[in-house]
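**Q** My structure is stored as my_file-v7.cif, with mmCIF, C-alpha atoms.
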data_work
#
loop_
_atom_site.label_atom_id
_atom_site.label_comp_id
_atom_site.auth_asym_id
_atom_site.auth_seq_id
_atom_site.Cartn_x
_atom_site.Cartn_y
_atom_site.Cartn_z
CA MET A 1497 -4.55 3.14 -1.24
CA LEU A 1498 -7.19 0.71 -2.48
CA ARG A 1499 -10.68 1.70 -3.51
CA VAL A 1500 -13.51 -0.35 -2.01
CA LYS A 1501 -17.15 -0.59 -2.95
CA ASP A 1502 -18.56 -1.09 0.53
CA PRO A 1503 -16.53 -0.34 3.66
CA SER A 1504 -19.24 -1.86 5.86
CA VAL A 1505 -18.17 -5.19 4.35
CA THR A 1506 -14.44 -4.68 3.89
CA ILE A 1507 -13.55 -3.11 7.24
CA PRO A 1508 -15.16 -5.82 9.40
CA GLU A 1509 -13.47 -8.37 7.14
CA LEU A 1510 -10.02 -6.87 7.62
CA THR A 1511 -10.46 -6.26 11.35
CA GLY A 1512 -12.42 -9.42 12.20
CA LYS A 1513 -10.73 -11.98 9.97
CA TYR A 1514 -7.21 -10.57 9.54
CA GLY A 1515 -6.81 -8.83 12.90
CA MET A 1516 -6.26 -5.34 11.53
CA THR A 1517 -7.12 -2.22 13.52
CA LEU A 1518 -9.05 0.75 12.16
CA LEU A 1519 -6.81 3.66 13.13
CA ASP A 1520 -8.56 6.62 11.60
CA ARG A 1521 -11.19 7.83 9.17
CA TYR A 1522 -12.07 10.98 7.28
CA ASP A 1523 -15.56 11.65 5.95
CA PHE A 1524 -16.03 14.10 3.11
CA ASP A 1525 -19.10 14.99 1.06
CA SER A 1526 -18.58 12.42 -1.64
CA PHE A 1527 -16.06 9.99 -0.23
CA SER A 1528 -14.56 8.60 2.96
CA LEU A 1529 -11.06 7.40 3.78
CA TYR A 1530 -10.21 4.63 6.23
CA PHE A 1531 -6.75 3.81 7.54
CA LEU A 1532 -5.97 0.36 8.95
CA ALA A 1533 -2.85 -1.31 10.27
CA SER A 1534 -1.62 -4.52 11.85
CA ILE A 1535 -0.93 -3.40 15.40
CA ARG A 1536 0.94 -5.54 17.89
CA GLU A 1537 -1.04 -6.69 20.93
CA SER A 1538 1.41 -4.80 23.12
CA GLU A 1539 0.53 -1.57 21.33
CA ARG A 1540 -3.20 -1.78 21.87
CA TYR A 1541 -4.90 1.10 20.08
CA THR A 1542 -7.39 3.10 22.12
CA LEU A 1543 -7.93 6.24 20.04
CA THR A 1544 -11.24 6.93 18.32
CA PRO A 1545 -11.10 6.89 14.51
CA GLY A 1546 -11.99 10.33 13.21
CA SER A 1547 -10.79 12.15 16.35
CA ASN A 1548 -7.99 14.72 16.36
CA GLU A 1549 -5.91 12.32 18.43
CA ALA A 1550 -6.32 9.62 15.80
CA HIS A 1551 -5.43 12.06 13.03
CA ARG A 1552 -2.29 13.04 14.92
CA TYR A 1553 -1.35 9.38 15.40
CA LEU A 1554 -1.95 8.64 11.72
CA TRP A 1555 0.15 11.46 10.34
CA THR A 1556 3.08 10.84 12.63
CA THR A 1557 3.22 7.06 12.62
CA SER A 1558 6.44 5.36 11.66
CA GLY A 1559 4.47 2.28 10.65
CA VAL A 1560 2.70 1.38 7.46
CA THR A 1561 -1.04 1.72 7.05
CA LEU A 1562 -3.52 0.47 4.48
CA GLU A 1563 -5.76 3.23 3.15
CA LEU A 1564 -9.19 2.43 1.78
CA THR A 1565 -11.17 4.95 -0.27
CA HIS A 1566 -14.94 4.67 -0.46
CA ASN A 1567 -16.75 6.75 -3.03
CA HIS A 1568 -20.18 7.25 -1.52
CA GLY A 1569 -23.04 5.49 -3.25
CA THR A 1570 -21.05 2.72 -4.87
CA GLU A 1571 -22.25 0.28 -2.21
CA ASN A 1572 -25.84 0.72 -3.45
CA ASP A 1573 -25.05 0.59 -7.13
CA SER A 1574 -25.71 -2.91 -8.41
CA SER A 1575 -24.12 -2.05 -11.75
CA TYR A 1576 -20.91 -1.07 -10.00
CA GLN A 1577 -18.56 -3.73 -11.27
CA VAL A 1578 -15.94 -5.31 -9.07
CA MET B 334 19.01 12.33 7.58
CA MET B 335 15.54 12.70 6.25
CA GLN B 336 13.30 10.01 7.61
CA ILE B 337 10.92 8.53 5.18
CA PHE B 338 8.41 5.82 5.82
CA PRO B 339 6.08 4.18 3.35
CA THR B 340 2.41 4.44 4.03
CA GLN B 341 0.50 2.55 1.38
CA PRO B 342 -2.39 4.73 2.18
CA GLN B 343 -1.58 7.74 4.23
CA SER B 344 -2.94 10.04 1.63
CA ASP B 345 -5.89 11.75 0.17
CA SER B 346 -7.72 13.24 3.13
CA ILE B 347 -8.53 16.92 3.14
CA LEU B 348 -5.59 17.42 0.89
CA THR B 349 -6.98 15.42 -1.94
CA THR B 350 -10.39 16.98 -1.60
CA LEU B 351 -8.83 20.30 -2.44
CA PHE B 352 -6.60 18.70 -5.00
CA LYS B 353 -9.66 17.36 -6.76
CA GLN B 354 -11.38 20.74 -6.61
CA SER B 355 -8.39 22.39 -8.14
CA THR B 356 -7.88 19.78 -10.83
CA PRO B 357 -10.53 20.18 -13.52
CA HIS B 358 -9.52 17.03 -15.33
CA PHE B 359 -9.96 14.83 -12.29
CA LYS B 360 -12.61 12.20 -12.89
CA PRO B 361 -14.03 10.39 -9.89
CA PRO B 362 -13.68 6.63 -10.13
CA THR B 363 -16.71 4.82 -11.44
CA GLN B 364 -15.83 1.27 -10.50
CA VAL B 365 -13.50 -0.81 -8.36
CA HIS B 366 -11.08 -2.97 -10.26
CA PRO B 367 -9.20 -5.52 -8.15
CA GLY B 368 -6.31 -6.03 -10.55
CA ASN B 369 -4.77 -9.18 -12.02
CA GLU B 370 -6.40 -8.89 -15.41
CA ASP B 371 -4.27 -8.57 -18.51
CA GLY B 372 -1.90 -5.65 -18.18
CA ASP B 373 -2.67 -4.77 -14.57
CA GLY B 374 0.21 -3.56 -12.44
CA PHE B 375 -1.19 -4.02 -8.95
CA GLY B 376 -1.25 -7.61 -7.80
CA HIS B 377 -2.22 -8.10 -4.20
CA ILE B 378 -1.70 -7.34 -0.57
CA ALA B 379 -0.40 -10.04 1.76
CA PHE B 380 -0.58 -11.11 5.36
CA ASN B 381 2.01 -13.28 7.08
CA THR B 382 0.88 -15.99 9.45
CA ASP B 383 2.61 -18.83 11.33
CA ASP B 384 0.49 -21.56 9.75
CA VAL B 385 -1.02 -20.85 6.34
CA TYR B 386 -2.97 -24.15 6.35
CA LYS B 387 -4.54 -23.51 9.74
CA SER B 388 -5.31 -19.85 9.04
CA SER B 389 -6.77 -20.71 5.64
CA ALA B 390 -9.02 -23.36 7.17
CA LYS B 391 -10.30 -20.82 9.66
CA LEU B 392 -10.97 -18.24 6.95
CA LEU B 393 -12.75 -20.87 4.84
CA ASP B 394 -14.95 -21.77 7.80
CA ALA B 395 -15.72 -18.07 8.19
CA GLY B 396 -16.97 -17.88 4.62
CA ILE B 397 -13.95 -16.36 2.90
CA ASP B 398 -13.51 -17.38 -0.73
CA PHE B 399 -10.12 -18.53 -1.99
CA LYS B 400 -8.51 -18.22 -5.36
CA LYS B 401 -5.92 -20.76 -4.27
CA LYS B 402 -5.99 -22.87 -1.14
CA PRO B 403 -2.60 -23.78 0.34
CA ASP B 404 -2.75 -27.40 -0.80
CA GLU B 405 -3.67 -26.52 -4.38
CA GLY B 406 -1.36 -25.93 -7.31
CA ARG B 407 2.39 -26.24 -7.39
CA MET B 408 3.18 -23.67 -4.72
CA LYS B 409 2.14 -25.66 -1.65
CA GLY B 410 1.74 -23.73 1.54
CA LEU B 411 0.93 -20.46 -0.17
CA ALA B 412 -2.66 -19.27 -0.39
CA PHE B 413 -4.66 -16.49 -2.01
CA ALA B 414 -7.94 -15.43 -0.48
CA TYR B 415 -10.36 -13.01 -2.12
CA SER B 416 -11.63 -9.99 -0.26
CA HIS B 417 -15.41 -9.87 -0.07
CA THR B 418 -17.20 -7.76 -2.67
CA ASP B 419 -14.19 -6.21 -4.38
CA LYS B 420 -12.33 -9.50 -4.90
CA TYR B 421 -8.89 -8.13 -4.21
CA TRP B 422 -6.33 -10.90 -3.87
CA ILE B 423 -5.02 -11.39 -0.34
CA GLU B 424 -1.96 -13.60 -0.19
CA LEU B 425 -1.25 -15.65 2.91
CA VAL B 426 2.47 -16.24 3.48
CA LYS B 427 4.21 -18.30 6.14
CA ARG B 428 6.25 -16.11 8.43
CA GLY B 429 9.61 -16.96 9.97
CA GLU B 430 9.96 -19.62 12.65
CA ASN B 431 11.36 -17.26 15.25
CA SER B 432 9.63 -14.01 14.46
CA GLY B 433 8.31 -13.50 17.96
CA ILE B 434 5.13 -12.13 16.42
CA LYS B 435 2.16 -13.22 18.51
CA GLU B 436 -0.66 -11.97 16.37
CA GLU B 437 -2.17 -14.43 13.89
CA PHE B 438 -1.76 -12.03 10.96
CA ASN B 439 0.41 -9.05 10.10
CA LEU B 440 0.04 -7.05 6.90
CA SER B 441 3.26 -7.95 5.12
CA GLN B 442 3.32 -6.89 1.45
CA THR B 443 1.84 -4.82 -1.32
CA MET B 444 2.79 -6.23 -4.70
CA LEU B 445 3.23 -4.17 -7.85
CA ARG B 446 4.54 -5.38 -11.19
CA VAL B 447 7.32 -3.28 -12.66
CA LYS B 448 8.72 -3.06 -16.16
CA ASP B 449 12.35 -2.39 -15.24
CA PRO B 450 13.49 -3.18 -11.70
CA VAL B 451 16.71 -1.21 -12.07
CA GLN B 452 14.75 2.00 -12.51
CA SER B 453 12.06 1.12 -9.97
CA ILE B 454 14.49 0.14 -7.23
CA ALA B 455 16.53 3.31 -7.77
CA PHE B 456 13.33 5.35 -7.49
CA TYR B 457 12.22 3.77 -4.21
CA GLU B 458 15.75 3.93 -2.82
CA SER B 459 15.64 7.67 -3.49
CA LEU B 460 12.62 7.72 -1.15
CA GLY B 461 14.68 6.11 1.58
CA MET B 462 13.71 2.49 1.01
CA THR B 463 16.19 -0.39 1.15
CA LYS B 464 16.15 -3.47 -1.02
CA VAL B 465 16.10 -6.22 1.59
CA TYR B 466 15.54 -9.36 -0.46
CA GLU B 467 15.61 -10.48 -4.06
CA HIS B 468 14.71 -13.84 -5.51
CA LYS B 469 15.12 -14.77 -9.15
CA PHE B 470 13.06 -17.48 -10.80
CA ASP B 471 13.16 -18.76 -14.38
CA SER B 472 10.92 -16.15 -15.90
CA PHE B 473 10.55 -13.52 -13.20
CA ALA B 474 12.18 -11.99 -10.17
CA LEU B 475 10.82 -10.62 -6.91
CA TYR B 476 12.32 -7.65 -5.09
CA PHE B 477 11.31 -6.64 -1.58
CA LEU B 478 11.86 -3.11 -0.31
CA ALA B 479 11.43 -1.70 3.18
CA SER B 480 11.62 1.66 4.89
CA LEU B 481 13.89 0.54 7.70
CA PRO B 482 14.01 2.53 10.92
CA GLU B 483 17.30 4.31 11.50
CA GLY B 484 19.85 1.99 13.02
CA VAL B 485 18.35 -1.18 11.60
CA VAL B 486 20.77 -2.85 9.22
CA ALA B 487 19.45 -5.57 6.95
CA PRO B 488 21.62 -8.37 5.61
CA PRO B 489 22.52 -8.02 1.91
CA ALA B 490 19.45 -8.49 -0.30
CA ASP B 491 21.25 -11.15 -2.33
CA SER B 492 22.36 -13.17 0.70
CA GLY B 493 19.71 -15.82 0.12
CA ASP B 494 18.45 -17.51 3.26
CA GLU B 495 19.79 -14.79 5.52
CA ALA B 496 17.85 -12.06 3.72
CA ARG B 497 14.82 -14.29 3.40
CA THR B 498 14.82 -14.98 7.13
CA PHE B 499 15.15 -11.26 7.81
CA ILE B 500 12.04 -10.35 5.83
CA LYS B 501 10.03 -13.36 7.04
CA ASN B 502 10.51 -12.17 10.60
CA MET B 503 9.57 -8.56 9.94
CA HIS B 504 6.36 -7.18 11.37
CA SER B 505 6.21 -4.11 9.16
CA PRO B 506 4.93 -4.42 5.57
CA LEU B 507 7.20 -4.46 2.53
CA LEU B 508 6.81 -3.26 -1.01
CA GLU B 509 7.11 -6.28 -3.30
CA LEU B 510 8.07 -5.60 -6.92
CA THR B 511 7.55 -8.33 -9.51
CA HIS B 512 9.59 -8.21 -12.70
CA ASN B 513 8.56 -10.48 -15.55
CA PHE B 514 11.71 -10.86 -17.61
CA GLY B 515 11.77 -9.14 -20.94
CA THR B 516 9.32 -6.33 -20.27
CA GLU B 517 12.19 -3.90 -19.83
CA GLU B 518 13.31 -4.56 -23.41
CA ASN B 519 9.90 -3.85 -24.95
CA ALA B 520 9.68 -0.12 -25.61
CA ASP B 521 5.89 -0.24 -25.92
CA PHE B 522 5.28 -2.20 -22.74
CA THR B 523 3.34 -0.50 -19.95
CA HIS B 524 1.31 -1.60 -16.94
CA PHE B 525 -2.02 -0.14 -15.97
CA ASN B 526 -1.32 1.92 -12.86
CA GLY B 527 -4.76 1.53 -11.29
CA ASN B 528 -6.00 5.02 -12.01
CA GLU B 529 -7.16 4.56 -15.60
CA GLU B 530 -10.86 4.59 -16.43
CA GLY B 531 -12.16 1.09 -15.83
CA ARG B 532 -9.03 -0.02 -13.98
CA GLN B 533 -9.47 1.87 -10.76
CA GLY B 534 -8.72 -0.22 -7.72
CA PHE B 535 -5.21 0.33 -6.44
CA GLY B 536 -4.63 4.08 -6.22
CA HIS B 537 -1.21 4.99 -4.92
CA LEU B 538 1.57 4.50 -2.41
CA GLY B 539 2.31 7.27 0.09
CA PHE B 540 5.43 8.39 1.89
CA LEU B 541 5.63 10.66 4.90
CA VAL B 542 8.61 12.98 4.79
CA ASP B 543 9.88 15.71 7.06
CA ASP B 544 10.46 18.14 4.19
CA VAL B 545 8.23 17.83 1.14
CA GLU B 546 10.08 20.54 -0.81
CA LEU B 547 13.42 18.88 -0.26
CA ALA B 548 12.13 15.43 -1.11
CA CYS B 549 10.53 16.76 -4.29
CA ALA B 550 13.65 18.68 -5.29
CA ASP B 551 15.58 15.44 -5.10
CA LEU B 552 12.97 13.67 -7.19
CA VAL B 553 13.04 16.41 -9.82
CA HIS B 554 16.81 16.15 -9.87
CA ASN B 555 16.40 12.45 -10.62
CA GLY B 556 14.09 13.23 -13.52
CA CYS B 557 10.77 12.29 -11.92
CA VAL B 558 7.50 13.47 -13.37
CA PHE B 559 4.90 15.05 -11.10
CA LYS B 560 1.18 14.49 -11.28
CA LYS B 561 0.85 17.33 -8.79
CA GLU B 562 3.79 19.48 -7.87
CA PRO B 563 4.15 20.43 -4.22
CA ASN B 564 3.07 24.02 -4.75
CA ALA B 565 0.43 23.45 -7.41
CA GLY B 566 -3.22 23.73 -6.61
CA THR B 567 -4.72 24.85 -3.35
CA MET B 568 -2.79 22.63 -0.99
CA LYS B 569 0.84 23.53 -0.77
CA GLY B 570 3.43 21.04 0.25
CA LEU B 571 1.68 17.92 -0.95
CA ALA B 572 2.85 16.20 -4.10
CA PHE B 573 1.97 13.28 -6.28
CA VAL B 574 4.88 11.96 -8.28
CA LEU B 575 4.85 9.18 -10.87
CA ASP B 576 7.23 6.30 -10.39
CA PRO B 577 8.98 4.77 -13.45
CA ASP B 578 5.91 2.64 -14.24
CA GLY B 579 3.52 5.53 -13.78
CA TYR B 580 2.23 4.44 -10.36
CA SER B 581 1.14 7.41 -8.26
CA VAL B 582 3.27 8.07 -5.21
CA GLU B 583 2.10 10.63 -2.70
CA ILE B 584 4.68 12.70 -0.86
CA ILE B 585 3.19 14.17 2.26
CA LYS B 586 4.51 16.03 5.25
CA ARG B 587 4.92 14.03 8.40
CA GLY B 588 2.52 15.58 10.86
CA GLY B 589 0.05 16.17 8.10
CA TYR B 590 0.07 19.89 7.46
CA ASP B 591 0.78 21.54 4.21
CA ASP B 592 3.33 24.27 4.81
CA ASP B 593 5.16 26.15 7.52
CA ASN B 594 2.37 28.67 7.98
CA ALA B 595 -0.50 26.26 7.92
CA GLN B 596 -2.28 24.83 10.89
CA PRO B 597 -1.83 21.11 11.17
CA PHE B 598 -5.17 19.90 9.92
CA TYR B 599 -5.70 17.60 12.83
CA TYR B 600 -6.36 20.62 15.04
#
Show the structure stored in the file as structure tokens.
**A**
Amino acid sequence: MLRVKDPSVTIPELTGKYGMTLLDRYDFDSFSLYFLASIRESERYTLTPGSNEAHRYLWTTSGVTLELTHNHGTENDSSYQV
Amino acid sequence: MMQIFPTQPQSDSILTTLFKQSTPHFKPPTQVHPGNEDGDGFGHIAFNTDDVYKSSAKLLDAGIDFKKKPDEGRMKGLAFAYSHTDKYWIELVKRGENSGIKEEFNLSQTMLRVKDPVQSIAFYESLGMTKVYEHKFDSFALYFLASLPEGVVAPPADSGDEARTFIKNMHSPLLELTHNFGTEENADFTHFNGNEEGRQGFGHLGFLVDDVELACADLVHNGCVFKKEPNAGTMKGLAFVLDPDGYSVEIIKRGGYDDDNAQPFYY
């Protein structure tokens, strides 16, 4: 798990530039979690992040995922040091 | 045999929400710290690619900043990009010649520095990982560990090129442990684990297991210290254990529910 300041920057970066796939997400009151993986082309991922099907996939995968934690509000905090 | 797979992330979720509610001393992080300052344990994540020079050029064209381009420094052909905003280090590593991997990138490593590899490797082996490659340099050594699927047999970790080829052709990510020689002999030496105030970037590793109680019983037997025991707090059957360096390691039930009587939370 890595914390990120702004998932609207980091997730497109990891999916667009490094070819990762967003598998799943959880949104809570004060934070959100995102799970990404490098998926082979032959295993094209069609589930919707945040859906029960995606949750089931996530918690039963035999692969390795990268979890990002976003604490809400940090993306708007200019004093938030990175 | 209990199957255990590493899931760098695979954690928090509903479970941690409740964990936080039931842990009065929990302080929410106030800043993201990408690591690699003095004393930091977490180093970087890595992607493998067939051609580091070509991939780096593409990323540069796309506006990605680099700490080290592949033609810079002494380690030619190895690059470190920065992630946007948070400035995490993203290493780009050349993969094997005959990997059969068609995608340009595959997530390949998470690197943590460890004080004493003997203890660290024993800990991760107790979670079902296998040491698949080791490489000693003058002042440091690298150890690569994998959760191999059942039936997959890796060549000996100290077999040199054979082990190196094995890991370079893998699609699944490895845990890379860096040992700077001498730290194990300094009683006062510690790394920041990423969860200290002002150092919060890397959070934890996570392992899915079939039986959380059993896995934790084994860890207790081996003298491990828990940050959250499996039956503490509101969520039963989810544990955070500290590895020998104090890194948080989440132990979570495969399938994602907290005990035998609980509804899987994906329903």
**Q** Show which residues sit within 6 Å of region 1562-1570 of chain A, as a PyMOL selection string. Count all atoms listed in the file, and ignore same-chain residues fewer than 5 positions away.
**A** (chain A and resi 1497-1501+1526-1532) or (chain B and resi 341-342)
**Q** What would the selection look like, as JSON, numbers by chain, if the PyMOL selection byres ((chain A and resi 1540) around 12) were run on the coordinates I just shared?
**A** {"A": [1515, 1516, 1517, 1518, 1519, 1533, 1534, 1535, 1536, 1537, 1538, 1539, 1541, 1542, 1543], "B": [436]}
**Q** Here's the selection I'm unsure about, the PyMOL selection byres ((chain A and resi 1550) around 12); applied to the file above, which residues does it give, as a CSV table (one decimal) with C-alpha atoms, in the coordinates of the input?
**A**
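To be explicit, this is the file written out as expr21.csv:
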chain,number,residue,atom,x,y,z
A,1518,LEU,CA,-9.0,0.8,12.2
A,1519,LEU,CA,-6.8,3.7,13.1
A,1520,ASP,CA,-8.6,6.6,11.6
A,1521,ARG,CA,-11.2,7.8,9.2
A,1522,TYR,CA,-12.1,11.0,7.3
A,1530,TYR,CA,-10.2,4.6,6.2
A,1531,PHE,CA,-6.8,3.8,7.5
A,1532,LEU,CA,-6.0,0.4,9.0
A,1541,TYR,CA,-4.9,1.1,20.1
A,1542,THR,CA,-7.4,3.1,22.1
A,1543,LEU,CA,-7.9,6.2,20.0
A,1544,THR,CA,-11.2,6.9,18.3
A,1545,PRO,CA,-11.1,6.9,14.5
A,1546,GLY,CA,-12.0,10.3,13.2
A,1547,SER,CA,-10.8,12.2,16.4
A,1548,ASN,CA,-8.0,14.7,16.4
A,1549,GLU,CA,-5.9,12.3,18.4
A,1551,HIS,CA,-5.4,12.1,13.0
A,1552,ARG,CA,-2.3,13.0,14.9
A,1553,TYR,CA,-1.4,9.4,15.4
A,1554,LEU,CA,-2.0,8.6,11.7
A,1555,TRP,CA,0.2,11.5,10.3
A,1556,THR,CA,3.1,10.8,12.6
A,1557,THR,CA,3.2,7.1,12.6
B,588,GLY,CA,2.5,15.6,10.9
B,589,GLY,CA,0.0,16.2,8.1
B,598,PHE,CA,-5.2,19.9,9.9
B,599,TYR,CA,-5.7,17.6,12.8
B,600,TYR,CA,-6.4,20.6,15.0
**Q** Would you please work out which residue, of B:Ser416, B:Gln452, B:Asn555, B:Asn519, is nearest to chain A when using only C-alpha atoms?
**A**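 Under the stated criterion, the closest residue is B:Ser416.
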**Q** Between B:Phe535, B:Tyr457, B:Tyr476, B:Phe514, which is the closest to chain A once you count all atoms listed in the file?
**A**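 Selected residue with least distance to chain A: B:Phe535.
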**Q** Pick from B:Arg428, B:Lys402, B:His554, B:Lys586: nearest to chain A, with all atoms listed in the file counted?
**A**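 Going through B:Arg428, B:Lys402, B:His554, B:Lys586 one by one, the smallest distance to chain A is for B:Lys586.
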**Q** Could you check the closest approach to chain A for each of B:Arg446, B:Lys401, B:His417, B:Arg497 and tell me which residue wins, using all atoms listed in the file?
**A**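 Distance minimum relative to chain A lands on B:His417.
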**Q** Just the number, please: distance in Å from CA of Ala490 (chain B) to CA of Val465 (chain B), one decimal.
**A**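 About the pair CA of Ala490 (chain B) and CA of Val465 (chain B): they are 4.5 Å apart.
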**Q** Box along x, y and z, 6 Å on every side, all listed atoms of region 1517-1530 of chain A inside: centre and edge lengths in Å to one decimal, as AutoDock Vina command-line options.
**A**
--center_x -13.0 --center_y 6.4 --center_z 5.9 --size_x 24.3 --size_y 29.2 --size_z 27.2
**Q** Could you list the residues chosen by the PyMOL selection byres ((chain B and resi 376) around 8) in this structure as a PyMOL selection string?
**A** chain B and resi 368-369+373-375+377-378+422+443-446
**Q** Could you check the closest approach to chain B for each of A:Thr1511, A:Asn1572, A:Ser1504, A:Ser1558 and tell me which residue wins, using all atoms listed in the file?
**A**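 Closest candidate: A:Ser1558.
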**Q** Would you compute the distance between CA of His366 (chain B) and CA of Asn526 (chain B)? Give it in Å to one decimal.
**A** 11.2 Å
**Q** So that I can see what lies close to Glu430 (chain B), please list as a PyMOL selection string the residues with an atom at most 9 Å from it, counting all atoms listed in the file and leaving out residues fewer than 2 positions away in the same chain.
**A** chain B and resi 383+427-428+432-433+498+501-502
**Q** Between CA of Leu507 (chain B) and CA of Gly396 (chain B), what is the distance in Å, rounded to a tenth?
**A**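 Separation between CA of Leu507 (chain B) and CA of Gly396 (chain B): 27.7 Å.
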**Q** My list of candidates is B:Val485, B:Val553, B:Met408, B:Leu475. Which is closest to Asp449 (chain B) when distances are computed with all atoms listed in the file?
**A**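 Looking only at the distances to Asp449 (chain B), the closest residue turns out to be B:Leu475.
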**Q** Using the incomplete input, complete region 1514-1530 of chain A to the level of N, CA and C atoms; output as a compact mmCIF listing (two decimals), in the coordinates of the input.
**A**
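Saved the output as selection-v9.txt:
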# COMPACT_ATOMS: atom_id res chain seq x y z
N TYR A 1514 -8.66 -10.70 9.69
CA TYR A 1514 -7.21 -10.57 9.54
C TYR A 1514 -6.57 -9.77 10.67
N GLY A 1515 -7.37 -9.44 11.69
CA GLY A 1515 -6.81 -8.83 12.90
C GLY A 1515 -6.31 -7.41 12.75
N MET A 1516 -6.72 -6.72 11.68
CA MET A 1516 -6.26 -5.34 11.53
C MET A 1516 -7.03 -4.41 12.47
N THR A 1517 -6.49 -3.22 12.67
CA THR A 1517 -7.12 -2.22 13.52
C THR A 1517 -7.46 -1.00 12.68
N LEU A 1518 -8.68 -0.50 12.83
CA LEU A 1518 -9.05 0.75 12.16
C LEU A 1518 -8.46 1.90 12.98
N LEU A 1519 -7.50 2.59 12.41
CA LEU A 1519 -6.81 3.66 13.13
C LEU A 1519 -7.56 4.98 13.02
N ASP A 1520 -8.03 5.28 11.81
CA ASP A 1520 -8.56 6.62 11.60
C ASP A 1520 -9.49 6.62 10.39
N ARG A 1521 -10.31 7.66 10.32
CA ARG A 1521 -11.19 7.83 9.17
C ARG A 1521 -11.40 9.31 8.92
N TYR A 1522 -11.67 9.63 7.67
CA TYR A 1522 -12.07 10.98 7.28
C TYR A 1522 -13.33 10.84 6.43
N ASP A 1523 -14.32 11.67 6.73
CA ASP A 1523 -15.56 11.65 5.95
C ASP A 1523 -15.74 12.98 5.23
N PHE A 1524 -15.81 12.91 3.93
CA PHE A 1524 -16.03 14.10 3.11
C PHE A 1524 -17.39 13.99 2.44
N ASP A 1525 -17.77 14.99 1.68
CA ASP A 1525 -19.10 14.99 1.06
C ASP A 1525 -19.32 13.77 0.18
N SER A 1526 -18.34 13.47 -0.65
CA SER A 1526 -18.58 12.42 -1.64
C SER A 1526 -17.77 11.16 -1.41
N PHE A 1527 -16.86 11.20 -0.47
CA PHE A 1527 -16.06 9.99 -0.23
C PHE A 1527 -15.55 9.95 1.20
N SER A 1528 -15.15 8.78 1.63
CA SER A 1528 -14.56 8.60 2.96
C SER A 1528 -13.26 7.84 2.81
N LEU A 1529 -12.35 8.10 3.75
CA LEU A 1529 -11.06 7.40 3.78
C LEU A 1529 -10.95 6.65 5.11
N TYR A 1530 -10.41 5.45 5.03
CA TYR A 1530 -10.21 4.63 6.23
C TYR A 1530 -8.75 4.17 6.24
